[in-house]
Each structure stands twice: as C-alpha cells, then as structure tokens.
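S.K.: One file: my_file-v2.pdb (PDB, C-alpha atoms and all ligand atoms).
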ATOM      1  CA  MET A 369       0.000   0.000   0.000  1.00  0.00           C
ATOM      2  CA  ASN A 370       1.185   3.457  -0.852  1.00  0.00           C
ATOM      3  CA  HIS A 371       1.269   5.599   2.244  1.00  0.00           C
ATOM      4  CA  LYS A 372       0.638   9.313   2.319  1.00  0.00           C
ATOM      5  CA  SER A 373       3.130  11.755   3.748  1.00  0.00           C
ATOM      6  CA  ILE A 374       2.966  15.384   4.747  1.00  0.00           C
ATOM      7  CA  ALA A 375       6.254  17.198   5.314  1.00  0.00           C
ATOM      8  CA  ILE A 376       6.342  20.243   7.576  1.00  0.00           C
ATOM      9  CA  ASP A 377       9.583  22.174   7.829  1.00  0.00           C
ATOM     10  CA  GLY A 378      10.486  25.483   9.368  1.00  0.00           C
ATOM     11  CA  PRO A 379      12.556  27.251  12.004  1.00  0.00           C
ATOM     12  CA  ALA A 380      12.398  26.668  15.754  1.00  0.00           C
ATOM     13  CA  GLY A 381       9.337  28.100  17.465  1.00  0.00           C
ATOM     14  CA  ALA A 382       7.101  28.517  14.399  1.00  0.00           C
ATOM     15  CA  GLY A 383       4.528  26.184  15.975  1.00  0.00           C
ATOM     16  CA  LYS A 384       5.502  23.196  13.841  1.00  0.00           C
ATOM     17  CA  SER A 385       5.177  20.498  16.455  1.00  0.00           C
ATOM     18  CA  THR A 386       1.831  21.681  17.869  1.00  0.00           C
ATOM     19  CA  LEU A 387       0.314  22.113  14.414  1.00  0.00           C
ATOM     20  CA  ALA A 388       1.817  18.921  12.982  1.00  0.00           C
ATOM     21  CA  ARG A 389       0.572  16.900  15.954  1.00  0.00           C
ATOM     22  CA  GLN A 390      -2.952  18.312  15.700  1.00  0.00           C
ATOM     23  CA  LEU A 391      -2.985  17.793  11.938  1.00  0.00           C
ATOM     24  CA  ALA A 392      -1.891  14.159  12.330  1.00  0.00           C
ATOM     25  CA  GLU A 393      -4.621  13.634  14.924  1.00  0.00           C
ATOM     26  CA  LYS A 394      -7.295  15.083  12.632  1.00  0.00           C
ATOM     27  CA  LEU A 395      -6.178  12.962   9.686  1.00  0.00           C
ATOM     28  CA  GLY A 396      -5.477   9.782  11.673  1.00  0.00           C
ATOM     29  CA  PHE A 397      -1.829   9.855  10.551  1.00  0.00           C
ATOM     30  CA  LEU A 398       1.253   9.104  12.626  1.00  0.00           C
ATOM     31  CA  TYR A 399       3.049  12.227  13.849  1.00  0.00           C
ATOM     32  CA  VAL A 400       6.840  12.008  13.635  1.00  0.00           C
ATOM     33  CA  ASP A 401       8.769  14.758  15.408  1.00  0.00           C
ATOM     34  CA  THR A 402      12.246  14.369  13.881  1.00  0.00           C
ATOM     35  CA  GLY A 403      13.735  17.126  16.049  1.00  0.00           C
ATOM     36  CA  ALA A 404      13.089  14.856  19.048  1.00  0.00           C
ATOM     37  CA  ILE A 405      15.268  12.185  17.433  1.00  0.00           C
ATOM     38  CA  TYR A 406      18.157  14.648  16.939  1.00  0.00           C
ATOM     39  CA  ARG A 407      17.651  15.832  20.497  1.00  0.00           C
ATOM     40  CA  THR A 408      17.945  12.263  21.790  1.00  0.00           C
ATOM     41  CA  VAL A 409      21.234  11.776  19.929  1.00  0.00           C
ATOM     42  CA  ALA A 410      22.409  15.064  21.477  1.00  0.00           C
ATOM     43  CA  LEU A 411      21.441  13.870  24.949  1.00  0.00           C
ATOM     44  CA  LYS A 412      23.557  10.744  24.495  1.00  0.00           C
ATOM     45  CA  VAL A 413      26.494  12.998  23.540  1.00  0.00           C
ATOM     46  CA  LEU A 414      25.947  15.055  26.710  1.00  0.00           C
ATOM     47  CA  TRP A 415      25.672  11.905  28.834  1.00  0.00           C
ATOM     48  CA  GLU A 416      29.053  10.831  27.469  1.00  0.00           C
ATOM     49  CA  LYS A 417      30.475  14.296  28.218  1.00  0.00           C
ATOM     50  CA  ALA A 418      31.504  14.529  24.577  1.00  0.00           C
ATOM     51  CA  ASP A 419      31.615  17.744  22.540  1.00  0.00           C
ATOM     52  CA  PRO A 420      28.468  17.919  20.334  1.00  0.00           C
ATOM     53  CA  ALA A 421      30.343  20.021  17.766  1.00  0.00           C
ATOM     54  CA  ASP A 422      33.197  17.530  17.332  1.00  0.00           C
ATOM     55  CA  PRO A 423      32.463  14.768  14.778  1.00  0.00           C
ATOM     56  CA  GLU A 424      35.415  12.739  16.056  1.00  0.00           C
ATOM     57  CA  GLN A 425      33.752  12.475  19.438  1.00  0.00           C
ATOM     58  CA  VAL A 426      30.156  12.161  18.218  1.00  0.00           C
ATOM     59  CA  VAL A 427      30.389   9.707  15.313  1.00  0.00           C
ATOM     60  CA  PRO A 428      31.786   6.734  17.316  1.00  0.00           C
ATOM     61  CA  LEU A 429      28.797   7.054  19.679  1.00  0.00           C
ATOM     62  CA  LEU A 430      26.358   6.311  16.828  1.00  0.00           C
ATOM     63  CA  GLU A 431      27.480   2.685  16.629  1.00  0.00           C
ATOM     64  CA  ARG A 432      26.236   1.885  20.113  1.00  0.00           C
ATOM     65  CA  LEU A 433      23.283   4.234  20.056  1.00  0.00           C
ATOM     66  CA  ASP A 434      20.255   2.644  21.718  1.00  0.00           C
ATOM     67  CA  ILE A 435      17.326   4.877  20.718  1.00  0.00           C
ATOM     68  CA  TYR A 436      13.710   3.876  20.668  1.00  0.00           C
ATOM     69  CA  MET A 437      10.554   5.767  19.785  1.00  0.00           C
ATOM     70  CA  ASP A 438       7.095   4.950  21.002  1.00  0.00           C
ATOM     71  CA  TYR A 439       3.622   6.460  21.311  1.00  0.00           C
ATOM     72  CA  GLY A 440       1.862   6.752  24.654  1.00  0.00           C
ATOM     73  CA  PRO A 441      -1.870   5.988  25.096  1.00  0.00           C
ATOM     74  CA  ASP A 442      -2.432   9.746  24.547  1.00  0.00           C
ATOM     75  CA  GLY A 443      -0.795   9.394  21.112  1.00  0.00           C
ATOM     76  CA  VAL A 444       2.142  11.547  22.183  1.00  0.00           C
ATOM     77  CA  GLN A 445       5.554  10.549  20.834  1.00  0.00           C
ATOM     78  CA  ARG A 446       7.991   9.465  23.544  1.00  0.00           C
ATOM     79  CA  MET A 447      11.733   9.012  23.170  1.00  0.00           C
ATOM     80  CA  TYR A 448      13.798   6.396  24.991  1.00  0.00           C
ATOM     81  CA  LEU A 449      17.559   6.374  25.352  1.00  0.00           C
ATOM     82  CA  GLU A 450      19.104   3.165  26.658  1.00  0.00           C
ATOM     83  CA  GLY A 451      15.703   2.167  27.953  1.00  0.00           C
ATOM     84  CA  GLU A 452      15.119   5.416  29.852  1.00  0.00           C
ATOM     85  CA  ASP A 453      12.220   7.699  28.937  1.00  0.00           C
ATOM     86  CA  VAL A 454      14.017  10.942  28.067  1.00  0.00           C
ATOM     87  CA  SER A 455      11.030  12.796  26.561  1.00  0.00           C
ATOM     88  CA  GLY A 456      11.348  15.509  29.235  1.00  0.00           C
ATOM     89  CA  ALA A 457      15.155  15.686  29.343  1.00  0.00           C
ATOM     90  CA  ILE A 458      15.490  16.309  25.604  1.00  0.00           C
ATOM     91  CA  ARG A 459      13.487  19.562  25.949  1.00  0.00           C
ATOM     92  CA  ARG A 460      16.023  21.215  28.264  1.00  0.00           C
ATOM     93  CA  HIS A 461      17.821  24.271  27.005  1.00  0.00           C
ATOM     94  CA  LYS A 462      21.231  22.595  27.037  1.00  0.00           C
ATOM     95  CA  THR A 463      19.972  19.755  24.859  1.00  0.00           C
ATOM     96  CA  SER A 464      18.513  22.215  22.301  1.00  0.00           C
ATOM     97  CA  GLY A 465      21.914  23.779  21.725  1.00  0.00           C
ATOM     98  CA  ALA A 466      23.613  20.383  21.525  1.00  0.00           C
ATOM     99  CA  ALA A 467      20.950  19.110  19.070  1.00  0.00           C
ATOM    100  CA  SER A 468      21.629  22.006  16.757  1.00  0.00           C
ATOM    101  CA  ARG A 469      25.357  21.095  16.822  1.00  0.00           C
ATOM    102  CA  VAL A 470      25.038  17.331  16.303  1.00  0.00           C
ATOM    103  CA  SER A 471      22.511  17.853  13.516  1.00  0.00           C
ATOM    104  CA  ALA A 472      25.229  19.619  11.501  1.00  0.00           C
ATOM    105  CA  ILE A 473      27.348  16.441  11.404  1.00  0.00           C
ATOM    106  CA  PRO A 474      26.821  14.575   8.085  1.00  0.00           C
ATOM    107  CA  GLU A 475      27.234  11.114   9.642  1.00  0.00           C
ATOM    108  CA  VAL A 476      24.504  11.882  12.179  1.00  0.00           C
ATOM    109  CA  ARG A 477      22.105  12.932   9.405  1.00  0.00           C
ATOM    110  CA  ALA A 478      22.936   9.874   7.274  1.00  0.00           C
ATOM    111  CA  PHE A 479      22.413   7.628  10.288  1.00  0.00           C
ATOM    112  CA  LEU A 480      18.924   9.030  10.939  1.00  0.00           C
ATOM    113  CA  LEU A 481      17.845   9.261   7.290  1.00  0.00           C
ATOM    114  CA  ASP A 482      16.912   5.581   6.820  1.00  0.00           C
ATOM    115  CA  TYR A 483      15.072   5.523  10.103  1.00  0.00           C
ATOM    116  CA  GLN A 484      12.905   8.490   9.121  1.00  0.00           C
ATOM    117  CA  ARG A 485      12.233   7.145   5.625  1.00  0.00           C
ATOM    118  CA  ARG A 486      11.205   3.776   7.017  1.00  0.00           C
ATOM    119  CA  MET A 487       8.632   5.452   9.267  1.00  0.00           C
ATOM    120  CA  ALA A 488       7.117   7.103   6.180  1.00  0.00           C
ATOM    121  CA  ARG A 489       7.155   3.894   4.117  1.00  0.00           C
ATOM    122  CA  GLU A 490       5.299   1.990   6.772  1.00  0.00           C
ATOM    123  CA  ASN A 491       2.761   4.624   7.901  1.00  0.00           C
ATOM    124  CA  ASN A 492       0.749   7.612   6.758  1.00  0.00           C
ATOM    125  CA  VAL A 493       2.783  10.359   8.391  1.00  0.00           C
ATOM    126  CA  VAL A 494       2.893  13.998   9.242  1.00  0.00           C
ATOM    127  CA  MET A 495       6.629  14.503   9.715  1.00  0.00           C
ATOM    128  CA  ASP A 496       8.145  17.738  10.946  1.00  0.00           C
ATOM    129  CA  GLY A 497      11.744  18.933  10.925  1.00  0.00           C
ATOM    130  CA  ARG A 498      14.122  21.056   8.891  1.00  0.00           C
ATOM    131  CA  ASP A 499      14.873  18.955   5.792  1.00  0.00           C
ATOM    132  CA  ILE A 500      11.846  16.706   5.436  1.00  0.00           C
ATOM    133  CA  GLY A 501      10.582  18.236   2.199  1.00  0.00           C
ATOM    134  CA  THR A 502      14.066  18.784   0.754  1.00  0.00           C
ATOM    135  CA  VAL A 503      15.960  15.618   1.733  1.00  0.00           C
ATOM    136  CA  VAL A 504      14.091  13.022   3.775  1.00  0.00           C
ATOM    137  CA  LEU A 505      10.829  12.857   1.809  1.00  0.00           C
ATOM    138  CA  PRO A 506      11.382  14.701  -1.483  1.00  0.00           C
ATOM    139  CA  ASP A 507       8.260  12.984  -2.869  1.00  0.00           C
ATOM    140  CA  ALA A 508       5.970  13.894   0.029  1.00  0.00           C
ATOM    141  CA  ASP A 509       2.335  14.383  -1.020  1.00  0.00           C
ATOM    142  CA  VAL A 510       2.187  17.816   0.614  1.00  0.00           C
ATOM    143  CA  LYS A 511       5.059  20.043   1.730  1.00  0.00           C
ATOM    144  CA  ILE A 512       4.542  22.981   4.030  1.00  0.00           C
ATOM    145  CA  PHE A 513       7.149  25.524   5.074  1.00  0.00           C
ATOM    146  CA  LEU A 514       5.911  26.958   8.325  1.00  0.00           C
ATOM    147  CA  THR A 515       7.471  30.126   9.575  1.00  0.00           C
ATOM    148  CA  ALA A 516       6.915  33.292  11.635  1.00  0.00           C
ATOM    149  CA  ALA A 517       8.957  36.393  12.372  1.00  0.00           C
ATOM    150  CA  PRO A 518      11.638  35.794  15.059  1.00  0.00           C
ATOM    151  CA  GLU A 519       9.943  38.333  17.384  1.00  0.00           C
ATOM    152  CA  ALA A 520       6.610  36.505  17.158  1.00  0.00           C
ATOM    153  CA  ARG A 521       8.298  33.178  17.859  1.00  0.00           C
ATOM    154  CA  ALA A 522      10.172  34.644  20.837  1.00  0.00           C
ATOM    155  CA  LYS A 523       6.921  36.069  22.245  1.00  0.00           C
ATOM    156  CA  ARG A 524       5.212  32.677  22.030  1.00  0.00           C
ATOM    157  CA  ARG A 525       8.162  30.960  23.696  1.00  0.00           C
ATOM    158  CA  LEU A 526       8.141  33.569  26.479  1.00  0.00           C
ATOM    159  CA  LEU A 527       4.439  32.950  27.142  1.00  0.00           C
ATOM    160  CA  GLU A 528       4.975  29.193  27.151  1.00  0.00           C
ATOM    161  CA  LEU A 529       7.769  29.465  29.725  1.00  0.00           C
ATOM    162  CA  GLU A 530       5.778  31.903  31.888  1.00  0.00           C
ATOM    163  CA  GLN A 531       2.793  29.560  31.842  1.00  0.00           C
ATOM    164  CA  ARG A 532       5.088  26.830  33.154  1.00  0.00           C
ATOM    165  CA  GLY A 533       6.112  29.189  35.949  1.00  0.00           C
ATOM    166  CA  GLU A 534       9.625  29.636  34.578  1.00  0.00           C
ATOM    167  CA  ARG A 535      11.321  33.008  34.566  1.00  0.00           C
ATOM    168  CA  ALA A 536      12.452  34.142  31.158  1.00  0.00           C
ATOM    169  CA  ASP A 537      13.823  37.163  29.394  1.00  0.00           C
ATOM    170  CA  PHE A 538      12.455  38.203  25.988  1.00  0.00           C
ATOM    171  CA  ASP A 539      15.766  39.532  24.643  1.00  0.00           C
ATOM    172  CA  ALA A 540      17.638  36.379  25.647  1.00  0.00           C
ATOM    173  CA  ILE A 541      15.005  34.177  23.987  1.00  0.00           C
ATOM    174  CA  LEU A 542      15.052  36.264  20.816  1.00  0.00           C
ATOM    175  CA  GLN A 543      18.839  36.102  20.683  1.00  0.00           C
ATOM    176  CA  ASP A 544      18.725  32.322  21.153  1.00  0.00           C
ATOM    177  CA  ILE A 545      16.150  31.899  18.363  1.00  0.00           C
ATOM    178  CA  LYS A 546      18.227  34.000  15.986  1.00  0.00           C
ATOM    179  CA  GLU A 547      21.357  32.000  16.775  1.00  0.00           C
ATOM    180  CA  ARG A 548      19.609  28.687  16.183  1.00  0.00           C
ATOM    181  CA  ASP A 549      18.097  29.966  12.922  1.00  0.00           C
ATOM    182  CA  TYR A 550      21.552  30.990  11.783  1.00  0.00           C
ATOM    183  CA  GLN A 551      23.084  27.630  12.641  1.00  0.00           C
ATOM    184  CA  ASP A 552      20.265  25.663  11.011  1.00  0.00           C
ATOM    185  CA  GLU A 553      20.270  27.812   7.856  1.00  0.00           C
ATOM    186  CA  HIS A 554      24.028  27.987   7.358  1.00  0.00           C
ATOM    187  CA  ARG A 555      25.208  24.447   7.974  1.00  0.00           C
ATOM    188  CA  SER A 556      26.702  22.875   4.876  1.00  0.00           C
ATOM    189  CA  ILE A 557      24.549  19.742   4.983  1.00  0.00           C
ATOM    190  CA  ALA A 558      20.748  19.773   4.639  1.00  0.00           C
ATOM    191  CA  PRO A 559      20.361  23.410   5.739  1.00  0.00           C
ATOM    192  CA  LEU A 560      16.946  24.696   6.657  1.00  0.00           C
ATOM    193  CA  ARG A 561      15.334  26.019   3.500  1.00  0.00           C
ATOM    194  CA  GLN A 562      11.989  25.944   1.772  1.00  0.00           C
ATOM    195  CA  ALA A 563      11.670  23.193  -0.858  1.00  0.00           C
ATOM    196  CA  ALA A 564      10.838  24.563  -4.321  1.00  0.00           C
ATOM    197  CA  ASP A 565       7.472  22.805  -4.239  1.00  0.00           C
ATOM    198  CA  ALA A 566       6.606  23.632  -0.607  1.00  0.00           C
ATOM    199  CA  ILE A 567       3.769  25.964   0.333  1.00  0.00           C
ATOM    200  CA  LEU A 568       4.734  28.851   2.592  1.00  0.00           C
ATOM    201  CA  LEU A 569       2.606  29.322   5.682  1.00  0.00           C
ATOM    202  CA  ASP A 570       3.591  32.400   7.696  1.00  0.00           C
ATOM    203  CA  THR A 571       1.914  32.397  11.109  1.00  0.00           C
ATOM    204  CA  THR A 572       3.283  35.741  12.378  1.00  0.00           C
ATOM    205  CA  ASP A 573      -0.187  37.291  12.507  1.00  0.00           C
ATOM    206  CA  LEU A 574      -2.191  34.103  13.089  1.00  0.00           C
ATOM    207  CA  ASP A 575      -3.104  32.464  16.369  1.00  0.00           C
ATOM    208  CA  LEU A 576      -3.013  28.707  16.784  1.00  0.00           C
ATOM    209  CA  GLY A 577      -6.632  28.155  15.704  1.00  0.00           C
ATOM    210  CA  GLN A 578      -6.234  30.295  12.587  1.00  0.00           C
ATOM    211  CA  SER A 579      -2.949  28.575  11.695  1.00  0.00           C
ATOM    212  CA  MET A 580      -4.586  25.161  12.071  1.00  0.00           C
ATOM    213  CA  SER A 581      -7.543  26.064   9.838  1.00  0.00           C
ATOM    214  CA  ARG A 582      -5.210  27.388   7.190  1.00  0.00           C
ATOM    215  CA  LEU A 583      -2.985  24.305   7.375  1.00  0.00           C
ATOM    216  CA  LEU A 584      -5.915  21.916   7.137  1.00  0.00           C
ATOM    217  CA  PHE A 585      -7.299  23.831   4.164  1.00  0.00           C
ATOM    218  CA  LEU A 586      -3.954  23.681   2.329  1.00  0.00           C
ATOM    219  CA  VAL A 587      -3.600  19.959   2.963  1.00  0.00           C
ATOM    220  CA  LYS A 588      -7.163  19.047   2.016  1.00  0.00           C
ATOM    221  CA  GLU A 589      -6.785  21.021  -1.186  1.00  0.00           C
ATOM    222  CA  ARG A 590      -3.892  18.795  -2.164  1.00  0.00           C
ATOM    223  CA  ILE A 591      -4.691  15.280  -1.019  1.00  0.00           C
ATOM    224  CA  SER A 592      -7.837  13.245  -1.100  1.00  0.00           C
ATOM    225  CA  LEU A 593      -8.462  11.597   2.239  1.00  0.00           C
TER     226      LEU A 593
HETATM  227  O1  LIG B   1      12.678  21.038  16.049  1.00  0.00           O
HETATM  228  P1  LIG B   1      13.635  20.967  17.216  1.00  0.00           P
HETATM  229  O2  LIG B   1      13.937  22.294  17.823  1.00  0.00           O
HETATM  230  O3  LIG B   1      13.183  19.968  18.246  1.00  0.00           O
HETATM  231  O4  LIG B   1      15.005  20.411  16.594  1.00  0.00           O
HETATM  232  C1  LIG B   1      16.173  20.270  17.358  1.00  0.00           C
HETATM  233  C2  LIG B   1      17.404  20.503  16.476  1.00  0.00           C
HETATM  234  O5  LIG B   1      17.520  19.438  15.522  1.00  0.00           O
HETATM  235  C3  LIG B   1      17.385  21.806  15.686  1.00  0.00           C
HETATM  236  O6  LIG B   1      18.498  22.605  16.015  1.00  0.00           O
HETATM  237  C4  LIG B   1      17.509  21.409  14.235  1.00  0.00           C
HETATM  238  C5  LIG B   1      17.774  19.941  14.227  1.00  0.00           C
HETATM  239  N1  LIG B   1      16.920  19.236  13.279  1.00  0.00           N
HETATM  240  C6  LIG B   1      17.439  18.981  12.038  1.00  0.00           C
HETATM  241  O7  LIG B   1      18.564  19.380  11.760  1.00  0.00           O
HETATM  242  N2  LIG B   1      16.717  18.272  11.129  1.00  0.00           N
HETATM  243  C7  LIG B   1      15.484  17.847  11.430  1.00  0.00           C
HETATM  244  N3  LIG B   1      14.794  17.153  10.519  1.00  0.00           N
HETATM  245  C8  LIG B   1      14.912  18.120  12.696  1.00  0.00           C
HETATM  246  C9  LIG B   1      15.671  18.835  13.604  1.00  0.00           C
END
Show this structure as structure tokens.

M.R.:
Amino acid sequence: MNHKSIAIDGPAGAGKSTLARQLAEKLGFLYVDTGAIYRTVALKVLWEKADPADPEQVVPLLERLDIYMDYGPDGVQRMYLEGEDVSGAIRRHKTSGAASRVSAIPEVRAFLLDYQRRMARENNVVMDGRDIGTVVLPDADVKIFLTAAPEARAKRRLLELEQRGERADFDAILQDIKERDYQDEHRSIAPLRQAADAILLDTTDLDLGQSMSRLLFLVKERISL
C-alpha cells in the first residue's frame, strides 16, 4: 500500500510540532517529530560528556546508540535512550543547543535518514523537521514551510515558559532563536530552507486556531483523504 506523507519544515518556534501533531490527529496519521530524534542523539552525547560540535567524538557514539521511539496511550511521541524515557530531558535548554550542533554532522544525518524514511514507508505520516521536504521525503504528497517572524516566535516561547512558571527574558530568547536559525540555515549539509514545491505558511499574525484552519485547508486542497 502506498502511504501518504505530509512534510512540515520550518525554524524553531514557528509552531511546527503543535500544528503537525494536531494535523496528524485530525487525519489519523502518525506524527513524527524528527527534532526529538536529533535531540535524543544530542542527549547521548551530553551523557558521554563529549563535545556535540566535534564529529570525532560524536560519530563513534552512533554505533552503540540505543534509541527507541514509542507512542503513549495519549498518542504523544515518547523518546527512549538506553531504555530510559528521556522525553522531558530532551526539551532542556542545554539539549537544544547540543541538538543544533550534532545535527550539523553529516554522519549523524545519514544515520537518521533511513530511520525516518522507514517510518514514512510503513505509515501515513505527518513529519516535521528542517529537511523533510528537501531531503528526507522529497516525494511527500504535501510540503509545508511553516514560519513566523523571530519576534513573534520569541513572544510565544516567552508565554509558554511563563505559563510553566519559569522566569524568562524576551531579549535572551530572541537572541537564542536567531542564533539557532543561523546555525540551522548555514550548515553545509541539509540546511533549513523551503523546498521549491513547498507551500509557505507564515503564522506571524495568526493564532493557533487560525494557523490550524489554514494548514488543514492547504492539505485538504492537495490530497484526497
Ligand atoms: O525542532 P527541534 O527544535 O526539536 O530540533 C532540534 C534541532 O535538531 C534543531 O536545532 C535542528 C535539528 N533538526 C534537524 O537538523 N533536522 C530535522 N529534521 C529536525 C531537527
């Protein structure tokens, strides 16, 4: 059976994971958060006290990498590293920075490529990341490039942290977002960019509900379900 795939790429904080998850739920597709996989590799690197920017330290760790992905009863993707549920740990600030570094290493990307493609061969998927439409699933049925101005993304992140009771500083968040954008867009392998056949969805002036309606409309226009 030919499975359907929807690729959603874009910078950090554009609302990709929330929208992709909700879209997958509405369509009855599997949601694959590829950033979580890179984050789990990064966590292993941190556990080993290795330098995430140094391929000579990172690449040998791939051989013995024990990563597993699963879905809880709530349908939420969970990541396991060496048997331990690390779904919370991979969201920490330190892991975000390390994930951005390890994801620039070609061997890391090659290692994860087959895994991601297999998920899409075996399931109908909504897959989000940075290079899904350009590299991982160039033949995806629908490709969306989801973005928003850095200031809008920083504001959303600030609200999210405040709601969790964490103290945060807008300027620091904005700076962090800009740095990650730069790293993701300027790495030599699979940089973040819009695929030629991807549809641009800019959510700067849209709230979550409006973004979701727009996304669903764009997808339904392009695939028969
Ligand atoms: O989407 P995220 O913030 O959870 O992703 C974590 C890091 O992984 C981010 O710096 C970019 C990288 N990444 C990538 O290079 N390719 C992907 N398909 C997904 C994430």

S.K.: Given a cut-off of 7 Å, what residues near ligand LIG 1 (chain B) show up using all atoms listed in the file, put as number ranges by chain?

M.R.: A: 380, 402-404, 406-407, 464-465, 467-468, 471-472, 496-500, 548, 552

S.K.: Selection in question (the file shown): the PyMOL selection byres (((chain A and resi 576) around 12) and not hetatm). Which residues does it include, as an NGL selection string?

M.R.: :A and (382-388 or 390-391 or 524 or 570-575 or 577-583)

S.K.: Assuming 3 Å of padding per side, give the centre and edge lengths of the axis-aligned box around every listed atom of segment 434-444 of chain A, in Å to one decimal and as lines of an AutoDock Vina configuration file.

M.R.:
center_x = 8.9
center_y = 7.1
center_z = 22.4
size_x = 28.7
size_y = 14.9
size_z = 11.3

S.K.: Just how far from atom CA of Val427 of chain A is atom CA of Gly456 of chain A, in Å to one decimal?

M.R.: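 Taking atom CA of Gly456 of chain A and atom CA of Val427 of chain A, their separation equals 24.3 Å.
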
S.K.: Could you state the separation of atom CA of Ile545 of chain A and atom CA of Pro518 of chain A in Å, given to one decimal place?

M.R.: 6.8 Å

S.K.: Quick check on the file I pasted: which residues fall under the PyMOL selection byres (((chain A and resi 490) around 10) and not hetatm)? Write them as a PDB file with C-alpha atoms, in the frame of the given file.

M.R.:
ATOM      1  CA  MET A 369       0.000   0.000   0.000  1.00  0.00           C
ATOM      2  CA  ASN A 370       1.185   3.457  -0.852  1.00  0.00           C
ATOM      3  CA  HIS A 371       1.269   5.599   2.244  1.00  0.00           C
ATOM      4  CA  LYS A 372       0.638   9.313   2.319  1.00  0.00           C
ATOM      5  CA  ARG A 485      12.233   7.145   5.625  1.00  0.00           C
ATOM      6  CA  ARG A 486      11.205   3.776   7.017  1.00  0.00           C
ATOM      7  CA  MET A 487       8.632   5.452   9.267  1.00  0.00           C
ATOM      8  CA  ALA A 488       7.117   7.103   6.180  1.00  0.00           C
ATOM      9  CA  ARG A 489       7.155   3.894   4.117  1.00  0.00           C
ATOM     10  CA  ASN A 491       2.761   4.624   7.901  1.00  0.00           C
ATOM     11  CA  ASN A 492       0.749   7.612   6.758  1.00  0.00           C
ATOM     12  CA  VAL A 493       2.783  10.359   8.391  1.00  0.00           C
TER      13      VAL A 493
END

S.K.: Just so the selection is clear, what residues does the PyMOL selection byres (((chain A and resi 470) around 12) and not hetatm) cover here, as a PyMOL selection string?

M.R.: chain A and resi 403+405-414+418-427+429-430+463-469+471-480+551-552+555+557

S.K.: At a cut-off of 8 Å, using all atoms listed in the file, what residues contact Ile512 of chain A? Leave out same-chain residues fewer than 6 positions from it and give the result as a list in words.

M.R.: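 Listed by chain and then number, they are Ile374, Ala375, Ile376, Asp377, Gly501, Ala566, Ile567, Leu568 and Leu569 of chain A.
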
S.K.: For atom CA of Ile435 of chain A and atom CA of Asp453 of chain A, quote the distance in Å rounded to one decimal.

M.R.: 10.1 Å

S.K.: With distances taken over only C-alpha atoms, which of A:Glu547, A:Asp401, A:Asp434, A:Glu393 is nearest to Glu450 of chain A?

M.R.: A:Asp434

S.K.: Measuring between only C-alpha atoms, which one of A:Gly378, A:Leu593, A:Asp507, A:Met447 shows the shortest distance to Asp549 of chain A?

M.R.: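 With only C-alpha atoms as the atom set, the closest residue is A:Gly378.
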
S.K.: Compare A:Leu449, A:Leu527, A:Ala457, A:Val587 by their minimum atom-to-atom distance to Lys511 of chain A, counting all atoms listed in the file, and give me the closest one.

M.R.: A:Val587

S.K.: Of the candidates A:Arg561, A:His461, A:Lys417, A:Lys523, which shows the shortest atom-to-atom distance to Leu542 of chain A, using all atoms listed in the file?

M.R.: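 Looking only at the distances to Leu542 of chain A, the closest residue turns out to be A:Lys523.
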
S.K.: Choose the residue, out of A:Ala564, A:Val510, A:Ala522, A:Gln543, that has the smallest atom-to-atom separation from Ser592 of chain A; count all atoms listed in the file.

M.R.: A:Val510

S.K.: From the list A:Pro559, A:Lys462, A:Gly396, A:Glu431, which residue is nearest Gly443 of chain A when using only C-alpha atoms?

M.R.: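 Between A:Pro559, A:Lys462, A:Gly396, A:Glu431, the residue approaching Gly443 of chain A most closely is A:Gly396.
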